[in-house]
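Report on the structure given below.
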Amino acid sequence: MSSSTSSSDAAGLTSGKVFVAIVVVLAVGLLVALEYGVRTFRSFIDDRDANYVLRVLTEPGKNVIIGDSHLIPVGRPDGWVNFARAGLAPPEGARILAARHKFVGIDRVVIESGPQILMDARQFEFRALPPETLTRQIFPEPVMIFEPSILDAALDTVVREATSVVSTAHAEGRKKKSGKKKKSADTPEARRAFATGRVLKQNPAADYDRSLAWHRHWDIVEALTDAGVQVCLVQTPVMAGYLKTAGTLDGALYFPALAALTAEAERRNIRYIEADELAMVYPDKLFANADHLNRRGGEVFWKEVEAACFAES
Amino acid sequence: MVFSSFEFLLFFLPLTILAFWLAGKVSYRLSIIVLIVASFFFYGYFRVDYILILLGSIVGNFLVGQYLYRNPNRPVLIATVGANLAALVYYKYSALAVWTVAWSVGAQWPLPEILLPLAISFFTFQQIAFVVDSYHRTTERNGFLDYALFVSFFPQLIAGPIVRQQEVVPDIRDGRLGIKASNFALGLSIFVAGLAKKVVFADQFATIADPAFDAVFLGQNIGAAVAWTGLLAYSLQIYFDFSAYSDMAIGIGLVFGLHLPLNFDSPYKSRSIVEFWRRWHMTLSRFLRDYLYIPLGGSRKGPKRRYANLMITMLLGGLWHGAGWAFMLWGGLHGMYLIINHAAERVRWERVPGGRTAVTLLAWPVTFLAVILAWVPFRAFEGASFVDYYASMLTPSGNLPPATDVGIVLIGLFVSFFMPNVADIFGLRPAAAGAAADTGRGLVESLHWRRKPAVAAIVSVLLFVCIVTVLKGRPYEFIYFQF
C-alpha cells in the first residue's frame, strides 16, 4: 500500500477522491458562477423570448393579465402586469401562471377565455414559447440557467458584446424592420373574406371540451382559485362580421364552445365576462382586424373588464 | 430520460449515486435493490406501463433459465427463445408484416399502431443469450436480484453494450459493486468524454446530415457535393453518437464498480469489412456470431454454406436494427461485403503483379467507402428515398456545401482516422490487445488519462461545457434508441 502511494506521488498522481472532488467542485462552481453572471447582467439581454421569461420570473406585481394576442392591446395598465403573447396556448399559459404564483405570487388574474383558446393551433405544450420553458423550475427560487432561452440569449449577448460591430448593425436592422407597416385591402368583400378566414382558423377543435387546452385551462383556474387567487375569465370582443360568420358558417363551433366555457365557469362559480355583457358595443373603429382590438379598443375594453371583474371586491 | 438530458445529468445520476452509496453503508443487498429500483425508474420515465413488459420478461426468463440449468430440455429452450422472439416480432415487426402482405396482394390495409417498447431489442437479445447459456450450462446459477440488475442496469439497458450474464453477474454476486474512488474517477472521466462526443460532436454532424437527407426525401436532387458531404456527416454522426452512448454506459458502469465490455474500437480505421465488424458494435457482432452464425453452421460446412450463413446472419442483423426492408438491404450489403472479403482472402495476392501493394494501399479506403455507401439505406429508409440519395451522389452540380460544413466534416474524419480512441486514452483495451492500438504510441502516451489535478480540471471544464450545451438547447436523441 505504501509503495503504491509513494509511486503515485512520484508520478504526480492524486487520489481518486481528490480527482473526483476537483471535477465536481470545479464544475459546480462554474455553474454557480454562470448563474450569478446571468442574474447580474440580465438587464443587458436583448432577446424577445428571454425577456419574456425573465419578466414572468421576476417582474414585480401581483395582478396578472394573460392570454394570446387578443389581450396585447390592453397594454400595461397601472397595477397590472400583462403576459399576453401572440400564439400563447392554454398549456403554456397555465405553466406561466403556475410559475408566476410560485415565485412572485398572484392576487388577481384576468385570463383570456374566449372560444379561440380551444382552436387546434392551441392544443400544444409549446406553441409560442421555447421548448422546456419553465418546466425545469423545480427549486423554490427561479434558476436562470435552467431556462434554455435565457441561457442561450445570455451567451449570445456575451458574444455580441464581444463583437460590438455586429450589435450596432443588428439594432439598425431592427429599427428599419419595425418601421414597416402591413397594408390590407379595406373593401367590404375583403373584410368578409378575412373574417371568414379568421373564424375558420380559430374554430375550436372538434373535441374542444375534452382537449388538452380545455383541461389545462380549467386545471390552472382551479389551482389558482384553490390558492385564494381572484380569477376572472374574459371573452375578448370580435367584430360584428366575425360573429355573424361564426353563427352561420357550416361547422363553426364558436358559439357552442362559448356556451360550454360559460357553463363550466358557472359550474365552478368563476366570474366569466362575456363580450356582449359589457356596457359598450364595440364599433369596427376600435378593431385592428376582425378579432383584434386596436390600442384605443384595448384601453376601453380594459376599463370595462376591470370594473366588471372586480367591482365587488 | 437520455444520458445527455438535463434531468439525467443534474438529478437522476447524482441522486442515484448518492442513494447507492448510502444504501451500501447499510448493506450490499440494499445497494443492489437501490440500483434495480433506479433502473426501473429510468426505464419507466420514458413510458411507465412498459415497466411491466420489462419486469415480465425478466421474471419469465429468469425462471426458465433456472429450470434449464437443472433440466437441459431442448423443447423448453426452443419455446422460450420462440416466446422472446414472438414478443419482439409482435412489438417491432407487426406493422412491417401487415404492410408487406398488403403490398404483395395490392391492398391498402390499416397498419397496427403498436408502440415499440424502448430497448426491447437489447434486453430480449441479452436474455436469449442467458437462457441458451443456461441450457448449455456455460453460465452459473444466480439469485433473482443479481439477474434483475444484470438485465435492467440502466447504463446499458437502452442501447447496450449487449452484455452476457457471465460478464457482470459474478461481479454483482460477489460483492464487487460499490463506490470506489479510483473507479469513480476513471468512470466519471470516461462518461464526460462520451458526453462531449455526443453533445459537442455528434449533434453538430446531425445539423449537416439532416438537411441533406430531408431535402432528398422531399424530392430534391441536392447534387453530388452536398450529398457526399451529408453522407460523410451522417457516417460521423452515427459513429460519434453510438460510440458516445457506449462510452457513457461504460463510464457510469465503472462509477458503480461494474465493468461493461468495450463496444467500439475506431471502426473507421478498419482495413477490411471483417475487421470493421470486430470494431463496430462489438457486442452485437459477438451475439450474432455466437447465437446465430455458429449455430447455423458457421464456417464448418464449406465455403458455400459459410457464405449463406454470413448472408442470413447479416440480413437478420439488419432487420434487428429496424422494421423495414431498407435495414435488410443494409444488412444484405454488409453480408455481400463479408462474402467478398472472405473470398478475397483466398486469393494469393502475392502471385498477382502488384497485388499485395494494391491490397495494402486500397484496403482502408475501399473498406471505408463500402461502409459509408451502406449507410445510405440505413439513414434514408423512409419511402425508399435512398435510391434518390444515391442518384444525388452521382449528379454533378454547382450546388456546393457551406465551407464550415466541409471543415467540420474534415475535422471529424481526422479524429476518426488518426486520433486515439476512448479505449486508448483510458486504457480500456485488454492487456493482451494493448499492442493493437492503431495510433502512434507516442500520441497515445501523451493523451493517456492520468489521475492528475490538471486532468481533473480539464474533465471538469469539459463537463461544464457539456452541461451548458445541454441546458441551452435540446440535444438530439441517440440514434440507437429507435432500435
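Identifiers in this document derive from the order of the C-alpha cells: chains are assigned A, B, ..., residues are numbered from 1 separately in each chain, and ligands are numbered from 1 in order of occurrence.
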Query raised in the report: Please, which residues of chain A lie no more than 10 Å from chain B when the count uses only C-alpha atoms, and can they be set out as a PyMOL selection string?
Result: chain A and resi 8+11-31+34+130-132+136+145-155
Given the selection you just returned, output its residues as a file containing N, CA, C and O atoms, formatted as a compact mmCIF listing (two decimals), in the first residue's frame.
```
# COMPACT_ATOMS: atom_id res chain seq x y z
N SER A 8 2.64 6.58 -6.74
CA SER A 8 1.67 7.55 -7.22
C SER A 8 2.16 8.96 -7.02
O SER A 8 2.07 9.81 -7.91
N ALA A 11 4.76 9.92 -9.46
CA ALA A 11 4.26 10.22 -10.80
C ALA A 11 3.36 11.46 -10.81
O ALA A 11 2.81 11.82 -11.84
N GLY A 12 3.21 12.10 -9.67
CA GLY A 12 2.37 13.30 -9.59
C GLY A 12 0.89 12.96 -9.60
O GLY A 12 0.07 13.83 -9.91
N LEU A 13 0.53 11.72 -9.31
CA LEU A 13 -0.87 11.33 -9.34
C LEU A 13 -1.55 11.71 -8.03
O LEU A 13 -0.92 11.76 -6.98
N THR A 14 -2.84 11.96 -8.15
CA THR A 14 -3.60 12.30 -6.97
C THR A 14 -4.53 11.13 -6.63
O THR A 14 -4.69 10.22 -7.43
N SER A 15 -5.12 11.14 -5.46
CA SER A 15 -6.02 10.04 -5.12
C SER A 15 -7.32 10.19 -5.90
O SER A 15 -7.66 11.27 -6.38
N GLY A 16 -8.07 9.07 -5.98
CA GLY A 16 -9.34 9.11 -6.68
C GLY A 16 -10.30 10.11 -6.06
O GLY A 16 -11.01 10.83 -6.76
N LYS A 17 -10.30 10.18 -4.73
CA LYS A 17 -11.22 11.09 -4.04
C LYS A 17 -10.93 12.55 -4.41
O LYS A 17 -11.83 13.33 -4.68
N VAL A 18 -9.64 12.88 -4.42
CA VAL A 18 -9.26 14.27 -4.75
C VAL A 18 -9.62 14.57 -6.20
O VAL A 18 -10.14 15.65 -6.51
N PHE A 19 -9.38 13.60 -7.09
CA PHE A 19 -9.69 13.79 -8.51
C PHE A 19 -11.18 14.08 -8.68
O PHE A 19 -11.56 15.05 -9.33
N VAL A 20 -12.02 13.22 -8.07
CA VAL A 20 -13.47 13.41 -8.20
C VAL A 20 -13.89 14.73 -7.58
O VAL A 20 -14.73 15.47 -8.13
N ALA A 21 -13.30 15.05 -6.43
CA ALA A 21 -13.65 16.31 -5.75
C ALA A 21 -13.33 17.50 -6.65
O ALA A 21 -14.13 18.44 -6.76
N ILE A 22 -12.18 17.47 -7.31
CA ILE A 22 -11.81 18.59 -8.20
C ILE A 22 -12.84 18.71 -9.32
O ILE A 22 -13.34 19.80 -9.62
N VAL A 23 -13.17 17.57 -9.95
CA VAL A 23 -14.12 17.59 -11.08
C VAL A 23 -15.46 18.17 -10.62
O VAL A 23 -16.00 19.10 -11.25
N VAL A 24 -15.98 17.63 -9.53
CA VAL A 24 -17.34 18.02 -9.10
C VAL A 24 -17.36 19.47 -8.61
O VAL A 24 -18.20 20.28 -9.03
N VAL A 25 -16.42 19.80 -7.72
CA VAL A 25 -16.43 21.15 -7.13
C VAL A 25 -16.21 22.22 -8.21
O VAL A 25 -16.91 23.23 -8.25
N LEU A 26 -15.27 21.96 -9.11
CA LEU A 26 -14.99 22.96 -10.16
C LEU A 26 -16.19 23.11 -11.10
O LEU A 26 -16.58 24.24 -11.44
N ALA A 27 -16.80 21.98 -11.50
CA ALA A 27 -17.95 22.06 -12.42
C ALA A 27 -19.12 22.77 -11.75
O ALA A 27 -19.76 23.64 -12.36
N VAL A 28 -19.40 22.43 -10.49
CA VAL A 28 -20.50 23.10 -9.78
C VAL A 28 -20.17 24.58 -9.61
O VAL A 28 -21.04 25.46 -9.80
N GLY A 29 -18.92 24.88 -9.28
CA GLY A 29 -18.50 26.27 -9.12
C GLY A 29 -18.70 27.07 -10.41
O GLY A 29 -19.19 28.21 -10.38
N LEU A 30 -18.35 26.47 -11.52
CA LEU A 30 -18.53 27.16 -12.81
C LEU A 30 -20.01 27.39 -13.10
O LEU A 30 -20.39 28.45 -13.61
N LEU A 31 -20.86 26.40 -12.76
CA LEU A 31 -22.30 26.58 -12.99
C LEU A 31 -22.87 27.68 -12.10
O LEU A 31 -23.69 28.49 -12.54
N LEU A 34 -21.84 30.94 -13.48
CA LEU A 34 -22.64 31.28 -14.67
C LEU A 34 -24.01 31.80 -14.26
O LEU A 34 -24.50 32.81 -14.81
N PRO A 130 -40.33 28.88 -26.17
CA PRO A 130 -39.30 27.88 -26.50
C PRO A 130 -39.52 26.60 -25.69
O PRO A 130 -40.02 26.66 -24.57
N PRO A 131 -39.19 25.46 -26.27
CA PRO A 131 -39.39 24.19 -25.55
C PRO A 131 -38.74 24.19 -24.17
O PRO A 131 -37.69 24.77 -23.98
N GLU A 132 -39.40 23.57 -23.25
CA GLU A 132 -38.93 23.38 -21.87
C GLU A 132 -38.97 24.64 -21.03
O GLU A 132 -38.45 24.66 -19.92
N ARG A 136 -38.31 23.32 -16.03
CA ARG A 136 -37.17 22.89 -15.22
C ARG A 136 -37.10 23.61 -13.87
O ARG A 136 -36.18 23.39 -13.11
N ILE A 145 -30.20 29.72 -15.30
CA ILE A 145 -29.54 28.87 -16.29
C ILE A 145 -30.35 27.63 -16.62
O ILE A 145 -30.00 26.89 -17.54
N PHE A 146 -31.44 27.41 -15.91
CA PHE A 146 -32.32 26.29 -16.26
C PHE A 146 -33.28 26.67 -17.39
O PHE A 146 -34.05 25.83 -17.85
N GLU A 147 -33.27 27.92 -17.78
CA GLU A 147 -34.15 28.37 -18.86
C GLU A 147 -33.36 28.40 -20.16
O GLU A 147 -32.46 29.24 -20.33
N PRO A 148 -33.69 27.51 -21.12
CA PRO A 148 -32.91 27.46 -22.36
C PRO A 148 -32.84 28.82 -23.06
O PRO A 148 -31.77 29.22 -23.53
N SER A 149 -33.96 29.54 -23.12
CA SER A 149 -33.96 30.81 -23.87
C SER A 149 -33.09 31.85 -23.18
O SER A 149 -32.36 32.59 -23.83
N ILE A 150 -33.13 31.89 -21.85
CA ILE A 150 -32.33 32.89 -21.12
C ILE A 150 -30.84 32.58 -21.27
O ILE A 150 -30.03 33.45 -21.59
N LEU A 151 -30.48 31.32 -21.07
CA LEU A 151 -29.07 30.95 -21.15
C LEU A 151 -28.53 31.18 -22.56
O LEU A 151 -27.45 31.76 -22.74
N ASP A 152 -29.31 30.76 -23.53
CA ASP A 152 -28.89 30.92 -24.92
C ASP A 152 -28.72 32.40 -25.24
O ASP A 152 -27.70 32.82 -25.82
N ALA A 153 -29.72 33.22 -24.84
CA ALA A 153 -29.66 34.65 -25.14
C ALA A 153 -28.51 35.31 -24.37
O ALA A 153 -27.83 36.21 -24.90
N ALA A 154 -28.28 34.88 -23.14
CA ALA A 154 -27.19 35.48 -22.36
C ALA A 154 -25.84 35.21 -23.01
O ALA A 154 -25.00 36.11 -23.14
N LEU A 155 -25.64 33.97 -23.44
CA LEU A 155 -24.37 33.64 -24.09
C LEU A 155 -24.26 34.36 -25.43
O LEU A 155 -23.18 34.83 -25.80
```
Query raised in the report: Contacts of range 291-296 of chain A at 9 Å or less, counting only C-alpha atoms, minus same-chain residues fewer than 3 places along, as a ChimeraX atom specification?
Result: /A:69-75,195,198-199,236-239,242,284-288,299-301
Keeping N, CA, C and O atoms, export the residues of the selection given above as an mmCIF file, in the first residue's frame.
```
data_model
loop_
_atom_site.group_PDB
_atom_site.id
_atom_site.type_symbol
_atom_site.label_atom_id
_atom_site.label_comp_id
_atom_site.auth_asym_id
_atom_site.auth_seq_id
_atom_site.Cartn_x
_atom_site.Cartn_y
_atom_site.Cartn_z
ATOM 1 N N SER A 69 -52.656 37.071 -28.387
ATOM 2 C CA SER A 69 -52.536 38.428 -28.943
ATOM 3 C C SER A 69 -53.792 39.271 -28.744
ATOM 4 O O SER A 69 -53.739 40.496 -28.841
ATOM 5 N N HIS A 70 -54.927 38.649 -28.451
ATOM 6 C CA HIS A 70 -56.158 39.429 -28.251
ATOM 7 C C HIS A 70 -56.060 40.353 -27.041
ATOM 8 O O HIS A 70 -56.768 41.362 -26.969
ATOM 9 N N LEU A 71 -55.206 40.002 -26.100
ATOM 10 C CA LEU A 71 -55.095 40.846 -24.896
ATOM 11 C C LEU A 71 -53.860 41.752 -24.925
ATOM 12 O O LEU A 71 -53.644 42.525 -23.988
ATOM 13 N N ILE A 72 -53.085 41.682 -25.983
ATOM 14 C CA ILE A 72 -51.911 42.576 -26.068
ATOM 15 C C ILE A 72 -52.330 44.048 -26.145
ATOM 16 O O ILE A 72 -51.722 44.901 -25.489
ATOM 17 N N PRO A 73 -53.405 44.398 -26.899
ATOM 18 C CA PRO A 73 -53.778 45.817 -26.987
ATOM 19 C C PRO A 73 -54.133 46.455 -25.641
ATOM 20 O O PRO A 73 -54.145 47.679 -25.510
ATOM 21 N N VAL A 74 -54.409 45.656 -24.658
ATOM 22 C CA VAL A 74 -54.718 46.184 -23.316
ATOM 23 C C VAL A 74 -53.511 46.933 -22.754
ATOM 24 O O VAL A 74 -53.643 47.852 -21.934
ATOM 25 N N GLY A 75 -52.340 46.586 -23.230
ATOM 26 C CA GLY A 75 -51.119 47.263 -22.779
ATOM 27 C C GLY A 75 -50.751 46.864 -21.369
ATOM 28 O O GLY A 75 -51.003 45.733 -20.948
ATOM 29 N N ALA A 195 -62.656 37.903 -42.345
ATOM 30 C CA ALA A 195 -63.385 37.421 -41.170
ATOM 31 C C ALA A 195 -63.659 35.921 -41.286
ATOM 32 O O ALA A 195 -63.498 35.166 -40.326
ATOM 33 N N ARG A 198 -60.536 34.060 -40.555
ATOM 34 C CA ARG A 198 -60.205 34.058 -39.118
ATOM 35 C C ARG A 198 -61.113 33.085 -38.348
ATOM 36 O O ARG A 198 -60.665 32.372 -37.455
ATOM 37 N N VAL A 199 -62.390 33.092 -38.689
ATOM 38 C CA VAL A 199 -63.310 32.184 -37.994
ATOM 39 C C VAL A 199 -62.885 30.736 -38.216
ATOM 40 O O VAL A 199 -62.856 29.929 -37.284
ATOM 41 N N THR A 236 -62.772 37.878 -25.318
ATOM 42 C CA THR A 236 -62.346 39.129 -25.952
ATOM 43 C C THR A 236 -63.292 39.459 -27.103
ATOM 44 O O THR A 236 -63.793 38.559 -27.782
ATOM 45 N N PRO A 237 -63.556 40.777 -27.328
ATOM 46 C CA PRO A 237 -64.523 41.159 -28.366
ATOM 47 C C PRO A 237 -64.017 40.842 -29.769
ATOM 48 O O PRO A 237 -62.810 40.814 -30.002
ATOM 49 N N VAL A 238 -64.962 40.605 -30.653
ATOM 50 C CA VAL A 238 -64.631 40.461 -32.073
ATOM 51 C C VAL A 238 -65.593 41.349 -32.855
ATOM 52 O O VAL A 238 -66.629 41.776 -32.331
ATOM 53 N N MET A 239 -65.257 41.619 -34.128
ATOM 54 C CA MET A 239 -66.134 42.466 -34.937
ATOM 55 C C MET A 239 -67.485 41.781 -35.168
ATOM 56 O O MET A 239 -67.580 40.550 -35.134
ATOM 57 N N TYR A 242 -67.429 39.119 -37.764
ATOM 58 C CA TYR A 242 -66.848 37.853 -37.285
ATOM 59 C C TYR A 242 -67.945 37.017 -36.617
ATOM 60 O O TYR A 242 -68.108 35.826 -36.889
ATOM 61 N N ASP A 284 -66.506 48.980 -35.257
ATOM 62 C CA ASP A 284 -65.362 48.490 -36.027
ATOM 63 C C ASP A 284 -64.124 49.358 -35.863
ATOM 64 O O ASP A 284 -63.004 48.874 -35.983
ATOM 65 N N LYS A 285 -64.335 50.658 -35.577
ATOM 66 C CA LYS A 285 -63.168 51.545 -35.490
ATOM 67 C C LYS A 285 -62.272 51.218 -34.282
ATOM 68 O O LYS A 285 -61.147 51.686 -34.195
ATOM 69 N N LEU A 286 -62.780 50.427 -33.354
ATOM 70 C CA LEU A 286 -61.944 50.040 -32.208
ATOM 71 C C LEU A 286 -61.159 48.743 -32.474
ATOM 72 O O LEU A 286 -60.494 48.225 -31.590
ATOM 73 N N PHE A 287 -61.262 48.236 -33.706
ATOM 74 C CA PHE A 287 -60.576 46.986 -34.025
ATOM 75 C C PHE A 287 -59.421 47.215 -35.009
ATOM 76 O O PHE A 287 -59.511 48.065 -35.901
ATOM 77 N N ALA A 288 -58.392 46.413 -34.828
ATOM 78 C CA ALA A 288 -57.295 46.408 -35.791
ATOM 79 C C ALA A 288 -57.630 45.459 -36.934
ATOM 80 O O ALA A 288 -57.235 45.667 -38.070
ATOM 81 N N GLU A 299 -57.788 49.883 -24.546
ATOM 82 C CA GLU A 299 -57.957 50.726 -23.347
ATOM 83 C C GLU A 299 -59.404 50.702 -22.864
ATOM 84 O O GLU A 299 -59.681 50.532 -21.671
ATOM 85 N N VAL A 300 -60.321 50.859 -23.829
ATOM 86 C CA VAL A 300 -61.746 50.876 -23.487
ATOM 87 C C VAL A 300 -62.149 49.539 -22.871
ATOM 88 O O VAL A 300 -62.810 49.468 -21.830
ATOM 89 N N PHE A 301 -61.725 48.483 -23.540
ATOM 90 C CA PHE A 301 -62.056 47.130 -23.095
ATOM 91 C C PHE A 301 -61.545 46.885 -21.673
ATOM 92 O O PHE A 301 -62.252 46.360 -20.811
#
```
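The smallest atom-to-atom distance between Val32 in chain A and any of A:Val159, A:Ala263, A:Met144, A:Ile220, using only C-alpha atoms, is found for A:Met144.
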**Report entry** Distance of CA of Val158 in chain A from CA of Val38 in chain A, expressed in Å to one decimal place
**Finding:**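 Separation of CA of Val38 in chain A and CA of Val158 in chain A: 10.2 Å.
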**Report entry** d(CA of Val2 in chain B, CA of Asn61 in chain B) in Å
**Finding:** 26.7 Å
Query raised in the report: What residues in range 28-183 of chain A get the DSSP label strand (DSSP E)? Please answer as an MDAnalysis selection string.
Result: chainID A and resid 63:66 81:82 108:112
Which residues of range 2-81 of chain A sit at most 6 Å from range 101-117 of chain A, using only C-alpha atoms? Give each one's shortest atom pair and distance in Å (one decimal place), in chain and ascending residue order, as JSON lines.
```
{"residue": "A:Lys62", "atom": "CA", "partner": "A:Ile106", "partner_atom": "CA", "distance": 4.4}
{"residue": "A:Asn63", "atom": "CA", "partner": "A:Arg108", "partner_atom": "CA", "distance": 4.7}
{"residue": "A:Val64", "atom": "CA", "partner": "A:Val109", "partner_atom": "CA", "distance": 4.7}
{"residue": "A:Ile65", "atom": "CA", "partner": "A:Val110", "partner_atom": "CA", "distance": 4.8}
{"residue": "A:Ile66", "atom": "CA", "partner": "A:Ile111", "partner_atom": "CA", "distance": 5.1}
{"residue": "A:Gly67", "atom": "CA", "partner": "A:Glu112", "partner_atom": "CA", "distance": 4.8}
```
Go ahead and save the residues from that selection, with all heavy atoms, as a PDB file, in the first residue's frame.
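Listing of selection-v5.pdb after writing:
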```pdb
ATOM      1  N   LYS A  62     -48.580  41.747  -8.506  1.00  0.00           N
ATOM      2  CA  LYS A  62     -49.329  40.525  -8.184  1.00  0.00           C
ATOM      3  C   LYS A  62     -50.668  40.431  -8.893  1.00  0.00           C
ATOM      4  O   LYS A  62     -51.443  39.515  -8.615  1.00  0.00           O
ATOM      5  CB  LYS A  62     -49.508  40.426  -6.667  1.00  0.00           C
ATOM      6  CG  LYS A  62     -48.181  40.239  -5.945  1.00  0.00           C
ATOM      7  CD  LYS A  62     -48.383  39.668  -4.580  1.00  0.00           C
ATOM      8  CE  LYS A  62     -47.033  39.292  -3.980  1.00  0.00           C
ATOM      9  NZ  LYS A  62     -47.156  38.600  -2.723  1.00  0.00           N
ATOM     10  N   ASN A  63     -50.942  41.416  -9.784  1.00  0.00           N
ATOM     11  CA  ASN A  63     -52.163  41.336 -10.592  1.00  0.00           C
ATOM     12  C   ASN A  63     -51.748  41.048 -12.031  1.00  0.00           C
ATOM     13  O   ASN A  63     -50.968  41.797 -12.619  1.00  0.00           O
ATOM     14  CB  ASN A  63     -52.948  42.636 -10.525  1.00  0.00           C
ATOM     15  CG  ASN A  63     -53.434  42.915  -9.107  1.00  0.00           C
ATOM     16  OD1 ASN A  63     -53.651  41.981  -8.316  1.00  0.00           O
ATOM     17  ND2 ASN A  63     -53.586  44.182  -8.768  1.00  0.00           N
ATOM     18  N   VAL A  64     -52.282  39.976 -12.562  1.00  0.00           N
ATOM     19  CA  VAL A  64     -51.745  39.452 -13.825  1.00  0.00           C
ATOM     20  C   VAL A  64     -52.824  39.353 -14.904  1.00  0.00           C
ATOM     21  O   VAL A  64     -53.957  38.937 -14.624  1.00  0.00           O
ATOM     22  CB  VAL A  64     -51.142  38.045 -13.584  1.00  0.00           C
ATOM     23  CG1 VAL A  64     -50.744  37.374 -14.888  1.00  0.00           C
ATOM     24  CG2 VAL A  64     -49.950  38.129 -12.645  1.00  0.00           C
ATOM     25  N   ILE A  65     -52.438  39.748 -16.129  1.00  0.00           N
ATOM     26  CA  ILE A  65     -53.307  39.541 -17.307  1.00  0.00           C
ATOM     27  C   ILE A  65     -52.603  38.499 -18.179  1.00  0.00           C
ATOM     28  O   ILE A  65     -51.395  38.595 -18.393  1.00  0.00           O
ATOM     29  CB  ILE A  65     -53.439  40.848 -18.120  1.00  0.00           C
ATOM     30  CG1 ILE A  65     -54.010  41.970 -17.253  1.00  0.00           C
ATOM     31  CG2 ILE A  65     -54.267  40.634 -19.382  1.00  0.00           C
ATOM     32  CD1 ILE A  65     -53.815  43.352 -17.845  1.00  0.00           C
ATOM     33  N   ILE A  66     -53.363  37.534 -18.678  1.00  0.00           N
ATOM     34  CA  ILE A  66     -52.719  36.543 -19.548  1.00  0.00           C
ATOM     35  C   ILE A  66     -53.666  36.065 -20.641  1.00  0.00           C
ATOM     36  O   ILE A  66     -54.879  35.950 -20.438  1.00  0.00           O
ATOM     37  CB  ILE A  66     -52.163  35.350 -18.735  1.00  0.00           C
ATOM     38  CG1 ILE A  66     -51.231  34.539 -19.627  1.00  0.00           C
ATOM     39  CG2 ILE A  66     -53.274  34.475 -18.178  1.00  0.00           C
ATOM     40  CD1 ILE A  66     -50.195  33.768 -18.879  1.00  0.00           C
ATOM     41  N   GLY A  67     -53.086  35.849 -21.801  1.00  0.00           N
ATOM     42  CA  GLY A  67     -53.860  35.394 -22.951  1.00  0.00           C
ATOM     43  C   GLY A  67     -52.976  35.463 -24.174  1.00  0.00           C
ATOM     44  O   GLY A  67     -51.752  35.609 -24.050  1.00  0.00           O
TER      45      GLY A  67
END
```
Requested in this report: Find the residues near Gly87 in chain A: any atom within 7 Å, counting only C-alpha atoms, skip ones fewer than 4 places away on the same chain, and give them as a ChimeraX atom specification.
Outcome: /A:68-69,127-128
